[in-house]
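Enquirer: Just upload_5.cif, nothing more (mmCIF, C-alpha atoms):
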data_query
loop_
_atom_site.label_atom_id
_atom_site.label_comp_id
_atom_site.auth_asym_id
_atom_site.auth_seq_id
_atom_site.Cartn_x
_atom_site.Cartn_y
_atom_site.Cartn_z
CA MET O 1 -55.94 -19.78 22.46
CA ALA O 2 -56.52 -16.99 24.95
CA ALA O 3 -56.67 -13.47 23.56
CA ASN O 4 -53.66 -12.45 25.62
CA GLY O 5 -51.65 -15.60 24.92
CA PRO O 6 -48.39 -15.83 22.97
CA TYR O 7 -48.62 -15.57 19.20
CA LEU O 8 -46.04 -17.36 17.09
CA ALA O 9 -46.73 -15.12 14.10
CA GLU O 10 -45.88 -11.97 16.08
CA ILE O 11 -42.53 -13.34 17.26
CA ALA O 12 -41.77 -14.66 13.77
CA HIS O 13 -42.58 -11.24 12.31
CA LEU O 14 -40.21 -9.55 14.76
CA MET O 15 -37.38 -11.93 13.91
CA GLY O 16 -38.14 -12.02 10.18
CA ASP O 17 -37.33 -8.41 9.33
CA PRO O 18 -33.77 -8.34 7.84
CA ALA O 19 -32.59 -5.41 9.93
CA ARG O 20 -33.95 -6.87 13.18
CA ALA O 21 -32.55 -10.29 12.27
CA ASN O 22 -29.08 -8.76 11.86
CA MET O 23 -29.42 -7.05 15.24
CA LEU O 24 -30.43 -10.28 16.95
CA HIS O 25 -27.61 -12.17 15.25
CA ALA O 26 -25.09 -9.56 16.40
CA LEU O 27 -26.21 -10.10 20.01
CA MET O 28 -25.85 -13.88 19.88
CA ASP O 29 -22.50 -13.81 21.70
CA GLY O 30 -24.24 -12.69 24.90
CA ARG O 31 -22.60 -9.27 25.02
CA ALA O 32 -24.35 -5.92 24.92
CA LEU O 33 -24.26 -3.31 22.14
CA THR O 34 -25.44 0.27 21.81
CA ALA O 35 -28.17 1.40 19.43
CA LYS O 36 -25.54 3.09 17.24
CA GLU O 37 -23.53 -0.11 16.93
CA LEU O 38 -26.64 -2.14 16.15
CA ALA O 39 -27.73 0.41 13.55
CA PHE O 40 -24.41 -0.02 11.73
CA LEU O 41 -24.58 -3.81 11.87
CA ALA O 42 -28.17 -3.77 10.61
CA GLY O 43 -27.35 -1.31 7.83
CA VAL O 44 -30.03 1.20 8.82
CA ALA O 45 -30.15 4.79 10.05
CA PRO O 46 -30.02 5.38 13.82
CA GLN O 47 -33.63 6.63 13.85
CA THR O 48 -34.77 3.47 12.06
CA ALA O 49 -32.75 1.32 14.45
CA SER O 50 -34.47 2.94 17.43
CA GLY O 51 -37.85 1.88 16.06
CA HIS O 52 -36.65 -1.68 15.53
CA LEU O 53 -35.17 -1.87 19.02
CA ALA O 54 -38.40 -0.62 20.56
CA LYS O 55 -40.35 -3.37 18.79
CA LEU O 56 -37.88 -6.05 19.86
CA MET O 57 -38.08 -4.90 23.47
CA GLN O 58 -41.86 -4.75 23.37
CA GLY O 59 -41.89 -8.30 22.02
CA GLY O 60 -39.72 -9.50 24.90
CA LEU O 61 -36.74 -10.40 22.72
CA LEU O 62 -34.33 -7.75 24.03
CA GLY O 63 -33.39 -6.29 27.37
CA VAL O 64 -31.63 -3.00 28.04
CA ALA O 65 -29.30 -1.71 30.74
CA VAL O 66 -28.21 1.86 31.36
CA GLN O 67 -24.53 2.60 32.00
CA GLY O 68 -23.97 6.32 32.46
CA ARG O 69 -25.30 8.08 29.36
CA HIS O 70 -25.37 4.90 27.32
CA ARG O 71 -28.02 2.24 26.85
CA TYR O 72 -26.82 -1.27 26.09
CA TYR O 73 -29.05 -3.83 24.43
CA ARG O 74 -28.75 -7.59 24.73
CA LEU O 75 -30.88 -10.67 24.18
CA ALA O 76 -33.58 -11.03 26.82
CA GLY O 77 -32.37 -14.48 27.84
CA PRO O 78 -31.08 -17.90 26.83
CA GLU O 79 -34.48 -18.94 25.47
CA VAL O 80 -34.21 -16.20 22.82
CA ALA O 81 -30.71 -17.40 21.91
CA ALA O 82 -31.96 -20.99 21.67
CA ALA O 83 -34.74 -19.93 19.29
CA LEU O 84 -32.27 -18.03 17.10
CA GLU O 85 -29.84 -20.95 17.04
CA GLY O 86 -32.69 -23.22 15.96
CA LEU O 87 -33.59 -20.88 13.13
CA MET O 88 -29.95 -20.85 12.03
CA VAL O 89 -30.05 -24.64 11.84
CA LEU O 90 -33.10 -24.43 9.57
CA SER O 91 -31.49 -21.74 7.41
CA GLY O 92 -28.30 -23.74 6.97
CA GLY O 93 -26.27 -21.38 9.12
CA GLN O 94 -25.94 -18.74 6.44
CA ALA O 95 -24.95 -15.42 8.01
CA ASN O 96 -25.49 -12.26 5.99
CA GLY O 97 -24.40 -9.66 8.55
CA ARG O 98 -22.50 -6.87 6.82
CA ARG O 99 -19.70 -6.93 9.38
CA LEU O 100 -18.60 -10.51 8.68
CA PRO O 101 -15.29 -10.85 6.79
CA SER O 102 -14.77 -13.64 4.27
CA ARG O 103 -12.94 -16.03 6.62
CA VAL O 104 -15.20 -15.59 9.64
CA GLY O 105 -17.43 -18.46 8.58
CA ALA O 106 -14.54 -20.84 9.15
CA ASP O 107 -13.72 -19.10 12.43
CA LEU O 108 -17.28 -19.48 13.67
CA ALA O 109 -17.36 -23.15 12.71
CA ARG O 110 -14.12 -23.76 14.61
CA ALA O 111 -15.08 -22.11 17.89
CA ARG O 112 -17.66 -19.48 18.82
CA THR O 113 -20.04 -18.38 21.52
CA CYS O 114 -23.69 -19.36 21.31
CA TYR O 115 -25.09 -16.73 23.66
CA ASP O 116 -23.15 -17.64 26.85
CA HIS O 117 -21.71 -21.07 26.03
CA PHE O 118 -19.33 -22.54 23.47
CA ALA O 119 -20.38 -23.84 20.06
CA GLY O 120 -18.66 -25.01 16.90
CA ARG O 121 -16.04 -27.74 17.06
CA LEU O 122 -14.86 -26.48 20.46
CA GLY O 123 -18.36 -26.87 21.93
CA ILE O 124 -18.82 -30.26 20.28
CA ALA O 125 -15.47 -31.48 21.66
CA ILE O 126 -16.45 -30.52 25.22
CA HIS O 127 -19.86 -32.15 24.88
CA ASP O 128 -18.49 -35.38 23.38
CA ALA O 129 -15.72 -35.76 25.96
CA LEU O 130 -18.16 -35.35 28.85
CA LEU O 131 -20.59 -37.84 27.34
CA ALA O 132 -17.96 -40.41 26.35
CA GLY O 133 -16.32 -40.19 29.76
CA GLY O 134 -19.54 -41.06 31.55
CA HIS O 135 -19.76 -37.67 33.22
CA LEU O 136 -23.31 -36.94 32.00
CA THR O 137 -26.63 -38.65 32.59
CA VAL O 138 -29.41 -38.25 30.04
CA ALA O 139 -32.96 -37.66 31.27
CA ASP O 140 -36.04 -35.63 30.26
CA GLY O 141 -34.36 -34.02 27.25
CA GLY O 142 -31.52 -32.65 29.35
CA TYR O 143 -28.35 -33.74 31.09
CA GLY O 144 -27.37 -34.31 34.68
CA LEU O 145 -23.93 -34.79 36.19
CA THR O 146 -22.66 -38.13 37.47
CA ARG O 147 -20.42 -38.19 40.53
CA SER O 148 -17.37 -38.10 38.26
CA GLY O 149 -18.90 -35.16 36.41
CA VAL O 150 -19.27 -33.17 39.61
CA ALA O 151 -15.62 -33.87 40.45
CA LEU O 152 -14.54 -32.95 36.91
CA PHE O 153 -16.24 -29.54 36.98
CA ALA O 154 -14.83 -28.90 40.45
CA GLY O 155 -11.37 -29.74 39.14
CA LEU O 156 -11.82 -27.10 36.43
CA GLY O 157 -12.62 -24.51 39.11
CA ILE O 158 -16.43 -24.59 38.85
CA ASP O 159 -18.86 -25.29 41.71
CA PRO O 160 -21.69 -27.21 40.02
CA ALA O 161 -24.14 -26.58 42.86
CA ALA O 162 -23.57 -22.82 42.84
CA ALA O 163 -23.66 -22.60 39.04
CA SER O 164 -26.92 -24.57 38.85
CA ARG O 165 -28.95 -22.38 41.20
CA GLY O 166 -32.00 -20.80 39.65
CA ARG O 167 -34.71 -21.91 37.25
CA ARG O 168 -32.47 -22.36 34.24
CA ALA O 169 -31.54 -25.92 33.23
CA ALA O 170 -28.07 -26.86 34.45
CA LEU O 171 -27.14 -28.74 31.27
CA ARG O 172 -28.96 -29.45 28.03
CA PRO O 173 -28.09 -30.29 24.44
CA CYS O 174 -28.19 -27.44 21.93
CA LEU O 175 -28.15 -28.37 18.23
CA ASP O 176 -25.12 -26.77 16.60
CA TRP O 177 -25.95 -25.13 13.25
CA SER O 178 -22.47 -25.60 11.79
CA GLU O 179 -21.87 -29.18 12.96
CA ARG O 180 -25.50 -30.41 13.05
CA ARG O 181 -24.70 -32.17 16.32
CA PRO O 182 -25.37 -31.09 19.90
CA HIS O 183 -23.07 -28.93 21.92
CA LEU O 184 -23.57 -28.21 25.61
CA ALA O 185 -25.86 -25.41 26.84
CA GLY O 186 -27.30 -24.43 30.20
CA ALA O 187 -26.07 -22.80 33.38
CA LEU O 188 -23.08 -25.10 33.84
CA ALA O 189 -22.02 -24.70 30.22
CA ALA O 190 -22.16 -20.93 30.73
CA ALA O 191 -20.09 -21.25 33.91
CA LEU O 192 -17.50 -23.28 32.01
CA ALA O 193 -17.26 -20.65 29.28
CA CYS O 194 -16.90 -17.89 31.88
CA ARG O 195 -14.13 -19.86 33.58
CA CYS O 196 -12.32 -20.34 30.27
CA PHE O 197 -12.43 -16.61 29.51
CA GLU O 198 -11.32 -15.61 33.00
CA ALA O 199 -8.40 -18.06 32.95
CA GLY O 200 -7.29 -17.02 29.46
CA TRP O 201 -7.95 -20.51 28.10
CA VAL O 202 -10.19 -19.00 25.43
CA THR O 203 -9.98 -15.47 24.01
CA ARG O 204 -12.42 -13.48 21.93
CA ILE O 205 -11.85 -12.24 18.40
CA ARG O 206 -12.81 -8.60 18.30
CA ASP O 207 -16.18 -7.80 16.67
CA SER O 208 -17.02 -11.45 16.18
CA ARG O 209 -18.69 -14.37 17.94
CA ALA O 210 -15.64 -16.43 17.02
CA VAL O 211 -13.20 -17.30 19.81
CA ILE O 212 -9.71 -18.82 19.99
CA LEU O 213 -8.69 -21.79 22.11
CA THR O 214 -5.23 -20.89 23.41
CA GLU O 215 -2.38 -23.34 23.90
CA GLU O 216 -2.79 -22.93 27.67
CA GLY O 217 -6.49 -23.60 27.33
CA ARG O 218 -5.92 -26.68 25.21
CA ALA O 219 -3.56 -28.09 27.83
CA ALA O 220 -5.95 -27.25 30.69
CA LEU O 221 -8.96 -28.86 29.02
CA GLU O 222 -7.03 -31.93 27.91
CA ALA O 223 -5.77 -32.38 31.48
CA GLY O 224 -9.07 -31.65 33.20
CA LEU O 225 -11.38 -33.27 30.66
CA PRO O 226 -9.94 -36.62 29.52
CA GLY O 227 -10.80 -37.38 25.91
CA PHE O 228 -11.07 -33.72 24.91
CA ARG O 229 -9.73 -33.17 21.40
CA CYS O 230 -10.18 -30.08 19.26
CA ASP O 231 -8.61 -28.53 16.15
CA GLU O 232 -5.28 -26.84 16.55
CA PRO O 233 -5.79 -23.14 17.44
CA GLU O 234 -5.06 -20.58 14.74
CA MET O 235 -2.87 -17.52 15.14
CA ALA O 236 -4.83 -14.58 16.52
CA GLY O 237 -4.27 -12.41 13.44
CA HIS O 238 -5.14 -15.01 10.82
CA SER O 239 -8.38 -13.32 9.74
CA GLY O 240 -7.31 -9.72 10.20
CA ALA O 241 -8.98 -9.49 13.61
CA LEU O 242 -7.21 -9.08 16.92
CA PRO O 243 -8.21 -10.83 20.13
CA SER O 244 -9.81 -8.49 22.59
CA SER O 245 -7.63 -8.44 25.73
CA GLU O 246 -9.04 -5.38 27.45
CA PRO O 247 -12.71 -5.25 28.51
CA GLY O 248 -14.72 -2.65 26.66
CA PRO O 249 -18.34 -1.55 26.73
CA HIS O 250 -19.37 -4.66 24.77
CA ASP O 251 -18.04 -6.86 27.58
CA LEU O 252 -20.06 -5.34 30.40
CA ASP O 253 -21.67 -8.04 32.52
CA LEU O 254 -25.22 -6.71 32.55
CA ALA O 255 -26.90 -10.00 33.39
CA GLY O 256 -28.89 -10.30 36.55
#
Can the structure in the file be given as structure tokens, please?

Expert:
Amino acid sequence: MAANGPYLAEIAHLMGDPARANMLHALMDGRALTAKELAFLAGVAPQTASGHLAKLMQGGLLGVAVQGRHRYYRLAGPEVAAALEGLMVLSGGQANGRRLPSRVGADLARARTCYDHFAGRLGIAIHDALLAGGHLTVADGGYGLTRSGVALFAGLGIDPAAASRGRRAALRPCLDWSERRPHLAGALAAALACRCFEAGWVTRIRDSRAVILTEEGRAALEAGLPGFRCDEPEMAGHSGALPSSEPGPHDLDLAG
């Protein structure tokens, strides 16, 4: 291995520290958080958090954007999220973040974000309906769209060609840590999640990666994605958390 090549042990060391692991886990919904917020979630002093954040940025695991006087940190990209999701599969999906209430494990298993796409039973339901309906082709460890798949995404208000521009894979399987089956990841999966949020088909639960499939969203997905079936949505206040209807600093779109 070249002297300046990547070292697995260095990345593992960065992720393995409990405070840094909590920070990375908190950023798994794709949104951005301040150093103060990450310090609280990691259970460390702000000065200690700054040191951890500097190491994570130096290791290429985090990116930062400046908005006025504030600096917002987020995962460096989908490959970091994929690595974290894989580690969660190995760990059995046990989350020890101090912010998680007792019921949030069930919420996350029902429907959540995995960086910028849907996971949990919601993500599985989308993946399975696309596959069963013949809308996906399987090749080289990823997925492509059949002609019916292109029409289906267009019917949901997504331009597959525009969403697939760039070096990122358009569609790929991502092993779900709670279901131990693949959900859908990639640029098109991210575009679908964005569409669902914009249309109000899915809403966020404040301070959580968990999301809620609304009645309108259920109807839209069942109509636009034949074969889609998912658990009945819960009331927004069932776990003591309120859905976030107004964009806040966590929801800033800081992606390039």

Enquirer: So the first atom is CA of His127 in chain O and the second is CA of Leu62 in chain O; what is the distance between them in Å, to one decimal place?

Expert: 28.4 Å

Enquirer: Choose the residue, out of O:Ile11, O:Val150, O:Val66, O:Ala119, that has the smallest atom-to-atom separation from Leu225 in chain O; count all atoms listed in the file.

Expert: O:Val150

Enquirer: To one decimal place in Å, what is the distance between CA of Cys196 in chain O and CA of Met28 in chain O?

Expert: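 A separation of 18.2 Å between them.
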
Enquirer: Can you tell me how far CA of Ala189 in chain O sits from CA of Ala12 in chain O, in Å to one decimal?

Expert: 27.6 Å

Enquirer: Can you list, as an MDAnalysis selection string, every protein, DNA or RNA residue that comes within 12 Å of range 78-91 of chain O when you count all atoms listed in the file, leaving out same-chain residues fewer than 4 positions away?

Expert: chainID O and resid 8 11:12 14:16 20:31 56:57 59:63 74 95:96 113:117 119:120 167:169 172:187 189:190 255

Enquirer: Taking the file above as input, evaluate the PyMOL selection byres ((chain O and resi 131-145) around 8) and report the hits as a PyMOL selection string.

Expert: chain O and resi 127-130+146-150+152+169-173+226-227

Enquirer: Could you expand the PyMOL selection byres ((chain O and resi 208-211) around 8) into the explicit residues it covers here, written as JSON, numbers by chain?

Expert: {"O": [28, 29, 100, 104, 107, 108, 110, 111, 112, 113, 114, 202, 203, 204, 205, 206, 207, 212, 213]}

Enquirer: Quick one: everything within 9 Å of Arg218 in chain O, counting all atoms listed in the file, minus sequence neighbours fewer than 4 positions away in the same chain. Send it as a list of chain:residue names.

Expert: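 Counting only the stated atoms, we get O:Trp201, O:Val202, O:Leu213, O:Thr214, O:Glu222, O:Ala223, O:Phe228, O:Arg229, O:Cys230, O:Glu232, O:Pro233.
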
Enquirer: Given the PyMOL selection byres ((chain O and resi 157) around 10) and the file above, list the residues it selects as a VMD selection string.

Expert: chain O and resid 151 to 156 158 to 160 191 to 192 195 to 196 199 224
